[in-house]
Every structure is written in structure tokens, then in C-alpha cells.
Amino acid sequence: MTDGFCSVTMHGSANGIIPIATIGQNGNWYIGNKDTGIAATGEQGVPGPQGPQGIPGLDGVNGIDGADGATGPQGPQGSAGPRGFQGPQGPAGDLNTESIILRPDKWSEKIEIPLGNGLYGRRYRGFLNVPANTLFSEPLGTIGSTARFVTSGGWWSTTKHILELGSPWNEQYSRLALNDTGALGFGSICPLERIDAPYDIWLTYTK
């Protein structure tokens, strides 16, 4: 053994064939078929120092999202939250039936207004252009042959006054008339000339 190494001298055989050195299953050198008793591996050396830490590898690709799980049971109702701030006041609502009856000045014009309990209303507005002392007569349409007056009202004007419908005053008046066919008309007379003199009249009726 030299410097920790074993030297094996191989001699030729009588037949001139040089035997082959192999490692047997027991880890020894064999010359031909002969076990030399010499281990083919040296003794385990002293462990070397730990090497430096390698560079971290790249992050892997994100995996595919899994399927959604089944919906769980409904949880218990939470406690009531604190009371919120009061909101702004809303717009005024529509007039109720009683208010509509009392406010014909709010009715739409020239259409039948159902007032409840078989009562109806209509409102008419316009302007008069009539010479002095001349009877003005204007048909307002038909409201039905079974229609019957209940009340009427409103106002009309001259160049100097605003007068209530149906109230004669100083030889001047305006009134509504309903004939047996259901035709409704508006008549007015005044000793003064009327130019663009407004009127706003209404009636209630059954039918």
C-alpha cells in the first residue's frame, strides 16, 4: 500500500492470457475468479463544508381556480341597525276626493272628472270678445242626455269687474245652460264691451 493506495501487480498466465480485474458482489477486487480480499472502494472521507445556498427558483404558475362550493345554510338574522337620519319631505300627494270636490280650480279643463258616488265635474276656461250689450253664447259640448245639474260656479269678468257665475248685477250676468239632449252652453251679456275678458267656470252633475 502506497500513500493510502493499494497496488495490484498482474502477471501473465502460462497460457499467455492476462486475467481481468473485476469488482465482486462483496465489493472486493477479483483477479479472474479469485477474490483478492482487497476492497474496491476506499474508506469514507470526512464530510466537506456545506456549500452556499442556491438562488431561489422562479414562482410557479398559479393553478386553476377550483369549482364553487355548494351554498351553505342561511345564517341567523342579525340585530337591527341604528335608526337612520330622517329623509327630506316628499312632494305633496294628489288631492283626495273631498278636496277635489272643494277645489274645482284644480280640475283639468274640458274633461269629465269623476268625483265619486255618481257625481261628476267639468271645468271650462276661456276669453270673451263681445261688443257692449250683446249676448254671448258658446256651446261647450255634450255631457249626456241623462245629465242633471247639481251645482255650478266660477267667475267671469268685464273691463272693470270680476263677477260670480249666475249672479245678475246691473243688467249683466253669465250662466250655464243644459238642455234635454245633454248639450251644455255658456251665455253672457254685459253693457260694456269685453276684449280678451277671461272666465273660469265649472259645474257638477249626475247622469
# chains A, B, ... in the order shown; residues from 1 in each chain; ligands from 1

call {"tool": "residues_around", "arguments": {"residues": "segment 151-162 of chain A", "least_positions_apart": "4", "cutoff": "6 Å", "atoms": "only C-alpha atoms", "output": "ChimeraX atom specification"}}
result
/A:194,197,199-204

call {"tool": "residues_around", "arguments": {"residues": "Pro131 of chain A", "least_positions_apart": "2", "cutoff": "12 Å", "atoms": "only C-alpha atoms", "output": "JSON, numbers by chain"}}
result
{"A": [128, 129, 133, 134, 135, 136, 158, 159, 188, 189, 190, 191, 192, 193, 194, 195, 196, 197]}

call {"tool": "write_last_selection", "arguments": {"atoms": "N, CA and C atoms", "output": "tab-separated table (two decimals), in the first residue's frame"}}
result
chain	number	residue	atom	x	y	z
A	128	LEU	N	-113.54	86.20	-23.48
A	128	LEU	CA	-114.68	86.76	-24.17
A	128	LEU	C	-114.26	88.00	-24.95
A	129	ASN	N	-114.71	88.06	-26.19
A	129	ASN	CA	-114.54	89.25	-27.03
A	129	ASN	C	-115.93	89.58	-27.59
A	133	ASN	N	-123.55	95.22	-24.69
A	133	ASN	CA	-124.98	94.88	-24.76
A	133	ASN	C	-125.27	93.80	-25.81
A	134	THR	N	-124.32	92.92	-26.00
A	134	THR	CA	-124.50	91.83	-26.96
A	134	THR	C	-124.45	90.51	-26.21
A	135	LEU	N	-125.45	89.66	-26.44
A	135	LEU	CA	-125.48	88.37	-25.78
A	135	LEU	C	-124.43	87.45	-26.40
A	136	PHE	N	-123.58	86.96	-25.55
A	136	PHE	CA	-122.57	85.98	-25.98
A	136	PHE	C	-123.09	84.59	-25.66
A	158	THR	N	-115.54	91.64	-16.66
A	158	THR	CA	-115.76	92.74	-17.60
A	158	THR	C	-114.47	93.55	-17.60
A	159	THR	N	-114.51	94.71	-18.22
A	159	THR	CA	-113.31	95.55	-18.20
A	159	THR	C	-113.06	96.15	-16.82
A	188	SER	N	-123.59	84.91	-21.82
A	188	SER	CA	-123.18	86.08	-21.04
A	188	SER	C	-123.60	87.35	-21.76
A	189	ILE	N	-123.99	88.37	-20.98
A	189	ILE	CA	-124.33	89.67	-21.54
A	189	ILE	C	-123.82	90.74	-20.58
A	190	CYS	N	-123.42	91.88	-21.17
A	190	CYS	CA	-122.84	92.95	-20.36
A	190	CYS	C	-123.00	94.26	-21.12
A	191	PRO	N	-123.30	95.38	-20.43
A	191	PRO	CA	-123.44	96.66	-21.11
A	191	PRO	C	-122.09	97.24	-21.57
A	192	LEU	N	-120.99	96.58	-21.18
A	192	LEU	CA	-119.67	97.07	-21.56
A	192	LEU	C	-119.05	96.16	-22.62
A	193	GLU	N	-118.25	96.75	-23.47
A	193	GLU	CA	-117.51	95.93	-24.44
A	193	GLU	C	-116.46	95.09	-23.69
A	194	ARG	N	-116.31	93.84	-24.09
A	194	ARG	CA	-115.33	92.97	-23.44
A	194	ARG	C	-114.30	92.51	-24.47
A	195	ILE	N	-113.04	92.76	-24.16
A	195	ILE	CA	-111.93	92.39	-25.05
A	195	ILE	C	-110.98	91.51	-24.26
A	196	ASP	N	-110.84	90.25	-24.71
A	196	ASP	CA	-109.99	89.27	-24.02
A	196	ASP	C	-110.30	89.21	-22.53
A	197	ALA	N	-111.60	89.22	-22.21
A	197	ALA	CA	-112.03	89.16	-20.81
A	197	ALA	C	-112.09	87.69	-20.39

call {"tool": "atom_distance", "arguments": {"atom1": "atom CA of Asn179 of chain A", "atom2": "atom CA of Pro114 of chain A"}}
result
21.4 Å

call {"tool": "atom_distance", "arguments": {"atom1": "atom CA of Tyr124 of chain A", "atom2": "atom CA of Thr181 of chain A"}}
result
19.6 Å

call {"tool": "select_by_dssp", "arguments": {"residues": "chain A", "states": "strand (DSSP E)", "output": "tab-separated table (two decimals) with N, CA and C atoms, in the first residue's frame"}}
result
chain	number	residue	atom	x	y	z
A	21	ALA	N	-9.26	-7.83	-14.02
A	21	ALA	CA	-9.63	-7.43	-12.66
A	21	ALA	C	-11.06	-6.91	-12.67
A	22	THR	N	-11.89	-7.44	-11.77
A	22	THR	CA	-13.29	-7.00	-11.64
A	22	THR	C	-13.63	-6.80	-10.18
A	23	ILE	N	-14.77	-6.16	-9.94
A	23	ILE	CA	-15.25	-5.95	-8.58
A	23	ILE	C	-16.36	-6.94	-8.33
A	28	ASN	N	-15.03	-6.52	-3.25
A	28	ASN	CA	-13.59	-6.75	-3.34
A	28	ASN	C	-13.17	-6.85	-4.78
A	29	TRP	N	-11.85	-6.64	-4.96
A	29	TRP	CA	-11.28	-6.86	-6.30
A	29	TRP	C	-11.13	-8.36	-6.51
A	30	TYR	N	-11.47	-8.75	-7.73
A	30	TYR	CA	-11.27	-10.13	-8.17
A	30	TYR	C	-10.30	-10.12	-9.33
A	31	ILE	N	-9.35	-11.08	-9.28
A	31	ILE	CA	-8.46	-11.30	-10.43
A	31	ILE	C	-8.94	-12.59	-11.07
A	34	LYS	N	-10.64	-15.12	-8.71
A	34	LYS	CA	-10.04	-15.17	-7.38
A	34	LYS	C	-10.28	-13.89	-6.62
A	35	ASP	N	-10.84	-14.03	-5.39
A	35	ASP	CA	-11.08	-12.89	-4.50
A	35	ASP	C	-9.76	-12.48	-3.88
A	36	THR	N	-9.38	-11.21	-4.10
A	36	THR	CA	-8.11	-10.73	-3.56
A	36	THR	C	-8.25	-10.33	-2.09
A	37	GLY	N	-9.49	-10.17	-1.61
A	37	GLY	CA	-9.69	-9.70	-0.23
A	37	GLY	C	-9.47	-8.21	-0.08
A	38	ILE	N	-9.23	-7.54	-1.16
A	38	ILE	CA	-8.98	-6.09	-1.12
A	38	ILE	C	-10.25	-5.37	-1.56
A	39	ALA	N	-10.72	-4.44	-0.71
A	39	ALA	CA	-11.94	-3.69	-1.05
A	39	ALA	C	-11.69	-2.78	-2.24
A	113	ILE	N	-114.58	64.81	-14.77
A	113	ILE	CA	-113.83	64.47	-13.57
A	113	ILE	C	-114.73	63.61	-12.67
A	114	PRO	N	-114.43	62.31	-12.47
A	114	PRO	CA	-115.24	61.51	-11.53
A	114	PRO	C	-114.99	61.98	-10.10
A	115	LEU	N	-116.08	62.30	-9.40
A	115	LEU	CA	-115.97	62.82	-8.04
A	115	LEU	C	-116.48	61.83	-7.00
A	116	GLY	N	-116.91	60.65	-7.44
A	116	GLY	CA	-117.38	59.63	-6.51
A	116	GLY	C	-118.88	59.70	-6.27
A	119	LEU	N	-121.22	61.29	-8.90
A	119	LEU	CA	-121.09	62.72	-9.17
A	119	LEU	C	-119.91	62.97	-10.10
A	120	TYR	N	-120.10	63.93	-11.04
A	120	TYR	CA	-119.06	64.25	-11.99
A	120	TYR	C	-118.89	65.77	-12.06
A	121	GLY	N	-117.75	66.19	-12.56
A	121	GLY	CA	-117.50	67.61	-12.68
A	121	GLY	C	-116.81	67.95	-13.99
A	122	ARG	N	-116.99	69.20	-14.43
A	122	ARG	CA	-116.29	69.71	-15.62
A	122	ARG	C	-115.92	71.17	-15.36
A	123	ARG	N	-114.82	71.57	-16.00
A	123	ARG	CA	-114.34	72.94	-15.86
A	123	ARG	C	-114.06	73.50	-17.25
A	124	TYR	N	-114.39	74.81	-17.44
A	124	TYR	CA	-114.16	75.47	-18.73
A	124	TYR	C	-113.51	76.83	-18.48
A	125	ARG	N	-112.53	77.14	-19.30
A	125	ARG	CA	-111.84	78.43	-19.21
A	125	ARG	C	-111.73	79.02	-20.61
A	126	GLY	N	-111.69	80.33	-20.69
A	126	GLY	CA	-111.55	80.97	-21.98
A	126	GLY	C	-111.54	82.49	-21.85
A	127	PHE	N	-111.74	83.16	-23.01
A	127	PHE	CA	-111.75	84.63	-23.06
A	127	PHE	C	-112.94	85.08	-23.90
A	128	LEU	N	-113.54	86.20	-23.48
A	128	LEU	CA	-114.68	86.76	-24.17
A	128	LEU	C	-114.26	88.00	-24.95
A	129	ASN	N	-114.71	88.06	-26.19
A	129	ASN	CA	-114.54	89.25	-27.03
A	129	ASN	C	-115.93	89.58	-27.59
A	130	VAL	N	-116.62	90.44	-26.87
A	130	VAL	CA	-118.04	90.69	-27.14
A	130	VAL	C	-118.30	92.20	-27.12
A	136	PHE	N	-123.58	86.96	-25.55
A	136	PHE	CA	-122.57	85.98	-25.98
A	136	PHE	C	-123.09	84.59	-25.66
A	137	SER	N	-123.03	83.68	-26.61
A	137	SER	CA	-123.48	82.31	-26.38
A	137	SER	C	-122.49	81.36	-27.05
A	138	GLU	N	-122.00	80.39	-26.25
A	138	GLU	CA	-120.99	79.45	-26.78
A	138	GLU	C	-121.34	78.02	-26.35
A	139	PRO	N	-121.47	77.09	-27.31
A	139	PRO	CA	-121.68	75.69	-26.92
A	139	PRO	C	-120.40	75.10	-26.33
A	140	LEU	N	-120.54	74.34	-25.26
A	140	LEU	CA	-119.38	73.74	-24.58
A	140	LEU	C	-119.27	72.25	-24.80
A	141	GLY	N	-120.23	71.65	-25.52
A	141	GLY	CA	-120.18	70.22	-25.78
A	141	GLY	C	-121.36	69.51	-25.14
A	142	THR	N	-121.40	68.20	-25.31
A	142	THR	CA	-122.49	67.38	-24.79
A	142	THR	C	-121.98	66.52	-23.64
A	148	ARG	N	-127.84	65.73	-15.15
A	148	ARG	CA	-128.65	66.67	-14.39
A	148	ARG	C	-127.72	67.54	-13.53
A	149	PHE	N	-127.99	68.87	-13.57
A	149	PHE	CA	-127.20	69.82	-12.78
A	149	PHE	C	-127.26	69.47	-11.29
A	150	VAL	N	-126.16	69.64	-10.61
A	150	VAL	CA	-126.12	69.60	-9.15
A	150	VAL	C	-125.71	70.98	-8.63
A	151	THR	N	-124.55	71.44	-9.04
A	151	THR	CA	-124.09	72.79	-8.68
A	151	THR	C	-123.31	73.37	-9.85
A	152	SER	N	-123.11	74.67	-9.83
A	152	SER	CA	-122.25	75.34	-10.81
A	152	SER	C	-121.64	76.55	-10.12
A	153	GLY	N	-120.58	77.06	-10.71
A	153	GLY	CA	-119.91	78.20	-10.11
A	153	GLY	C	-118.76	78.68	-10.97
A	154	GLY	N	-118.00	79.58	-10.41
A	154	GLY	CA	-116.87	80.14	-11.13
A	154	GLY	C	-116.98	81.65	-11.21
A	155	TRP	N	-116.26	82.25	-12.17
A	155	TRP	CA	-116.28	83.71	-12.30
A	155	TRP	C	-116.08	84.10	-13.77
A	156	TRP	N	-116.49	85.33	-14.05
A	156	TRP	CA	-116.28	85.93	-15.37
A	156	TRP	C	-115.97	87.40	-15.17
A	157	SER	N	-115.51	88.07	-16.18
A	157	SER	CA	-115.01	89.43	-15.97
A	157	SER	C	-115.52	90.38	-17.04
A	162	ILE	N	-114.90	91.60	-11.75
A	162	ILE	CA	-114.91	90.14	-11.80
A	162	ILE	C	-116.16	89.69	-11.06
A	163	LEU	N	-117.04	88.95	-11.76
A	163	LEU	CA	-118.35	88.62	-11.22
A	163	LEU	C	-118.49	87.11	-11.07
A	164	GLU	N	-119.34	86.72	-10.13
A	164	GLU	CA	-119.61	85.31	-9.91
A	164	GLU	C	-120.59	84.81	-10.96
A	173	TYR	N	-124.87	89.46	-16.64
A	173	TYR	CA	-124.81	88.15	-16.00
A	173	TYR	C	-124.12	87.16	-16.95
A	174	SER	N	-123.74	86.04	-16.40
A	174	SER	CA	-123.27	84.90	-17.17
A	174	SER	C	-123.83	83.65	-16.52
A	175	ARG	N	-124.18	82.66	-17.34
A	175	ARG	CA	-124.75	81.44	-16.77
A	175	ARG	C	-124.50	80.25	-17.69
A	176	LEU	N	-124.62	79.05	-17.09
A	176	LEU	CA	-124.54	77.80	-17.84
A	176	LEU	C	-125.96	77.29	-18.07
A	177	ALA	N	-126.17	76.64	-19.21
A	177	ALA	CA	-127.48	76.08	-19.54
A	177	ALA	C	-127.29	74.67	-20.07
A	178	LEU	N	-128.17	73.76	-19.65
A	178	LEU	CA	-128.12	72.36	-20.08
A	178	LEU	C	-129.50	71.98	-20.62
A	183	ALA	N	-126.79	68.86	-24.16
A	183	ALA	CA	-125.89	69.89	-24.69
A	183	ALA	C	-125.71	70.99	-23.65
A	184	LEU	N	-124.46	71.38	-23.44
A	184	LEU	CA	-124.12	72.39	-22.44
A	184	LEU	C	-123.69	73.66	-23.14
A	185	GLY	N	-124.20	74.81	-22.67
A	185	GLY	CA	-123.84	76.09	-23.26
A	185	GLY	C	-123.52	77.12	-22.21
A	186	PHE	N	-122.77	78.14	-22.62
A	186	PHE	CA	-122.37	79.25	-21.75
A	186	PHE	C	-122.90	80.54	-22.38
A	187	GLY	N	-123.66	81.31	-21.61
A	187	GLY	CA	-124.19	82.57	-22.11
A	187	GLY	C	-123.80	83.71	-21.21
A	188	SER	N	-123.59	84.91	-21.82
A	188	SER	CA	-123.18	86.08	-21.04
A	188	SER	C	-123.60	87.35	-21.76
A	189	ILE	N	-123.99	88.37	-20.98
A	189	ILE	CA	-124.33	89.67	-21.54
A	189	ILE	C	-123.82	90.74	-20.58
A	194	ARG	N	-116.31	93.84	-24.09
A	194	ARG	CA	-115.33	92.97	-23.44
A	194	ARG	C	-114.30	92.51	-24.47
A	195	ILE	N	-113.04	92.76	-24.16
A	195	ILE	CA	-111.93	92.39	-25.05
A	195	ILE	C	-110.98	91.51	-24.26
A	196	ASP	N	-110.84	90.25	-24.71
A	196	ASP	CA	-109.99	89.27	-24.02
A	196	ASP	C	-110.30	89.21	-22.53
A	197	ALA	N	-111.60	89.22	-22.21
A	197	ALA	CA	-112.03	89.16	-20.81
A	197	ALA	C	-112.09	87.69	-20.39
A	198	PRO	N	-111.28	87.28	-19.42
A	198	PRO	CA	-111.21	85.86	-19.06
A	198	PRO	C	-112.43	85.39	-18.25
A	199	TYR	N	-112.66	84.08	-18.33
A	199	TYR	CA	-113.65	83.44	-17.47
A	199	TYR	C	-113.14	82.06	-17.06
A	200	ASP	N	-113.62	81.57	-15.92
A	200	ASP	CA	-113.25	80.25	-15.40
A	200	ASP	C	-114.49	79.72	-14.67
A	201	ILE	N	-115.21	78.77	-15.30
A	201	ILE	CA	-116.48	78.30	-14.77
A	201	ILE	C	-116.46	76.78	-14.65
A	202	TRP	N	-117.39	76.23	-13.82
A	202	TRP	CA	-117.41	74.78	-13.58
A	202	TRP	C	-118.83	74.35	-13.20
A	203	LEU	N	-119.08	73.07	-13.28
A	203	LEU	CA	-120.35	72.52	-12.85
A	203	LEU	C	-120.15	71.12	-12.34
A	204	THR	N	-121.06	70.67	-11.48
A	204	THR	CA	-121.13	69.26	-11.10
A	204	THR	C	-122.48	68.72	-11.52
A	205	TYR	N	-122.52	67.41	-11.80
A	205	TYR	CA	-123.76	66.83	-12.32
A	205	TYR	C	-123.76	65.32	-12.07
A	206	THR	N	-124.97	64.76	-12.18
A	206	THR	CA	-125.13	63.32	-12.15
A	206	THR	C	-125.61	62.87	-13.52

call {"tool": "select_by_dssp", "arguments": {"residues": "chain A", "states": "alpha helix (DSSP H)", "output": "PDB file with C-alpha atoms, in the first residue's frame"}}
result
ATOM      1  CA  THR A  97    -111.992  63.086  -3.412  1.00  0.00           C
ATOM      2  CA  GLU A  98    -113.300  65.540  -0.839  1.00  0.00           C
ATOM      3  CA  SER A  99    -110.571  68.039  -1.645  1.00  0.00           C
ATOM      4  CA  ILE A 100    -111.183  67.678  -5.391  1.00  0.00           C
ATOM      5  CA  ILE A 101    -114.869  68.493  -4.974  1.00  0.00           C
ATOM      6  CA  LEU A 102    -113.991  71.609  -2.963  1.00  0.00           C
TER       7      LEU A 102
END
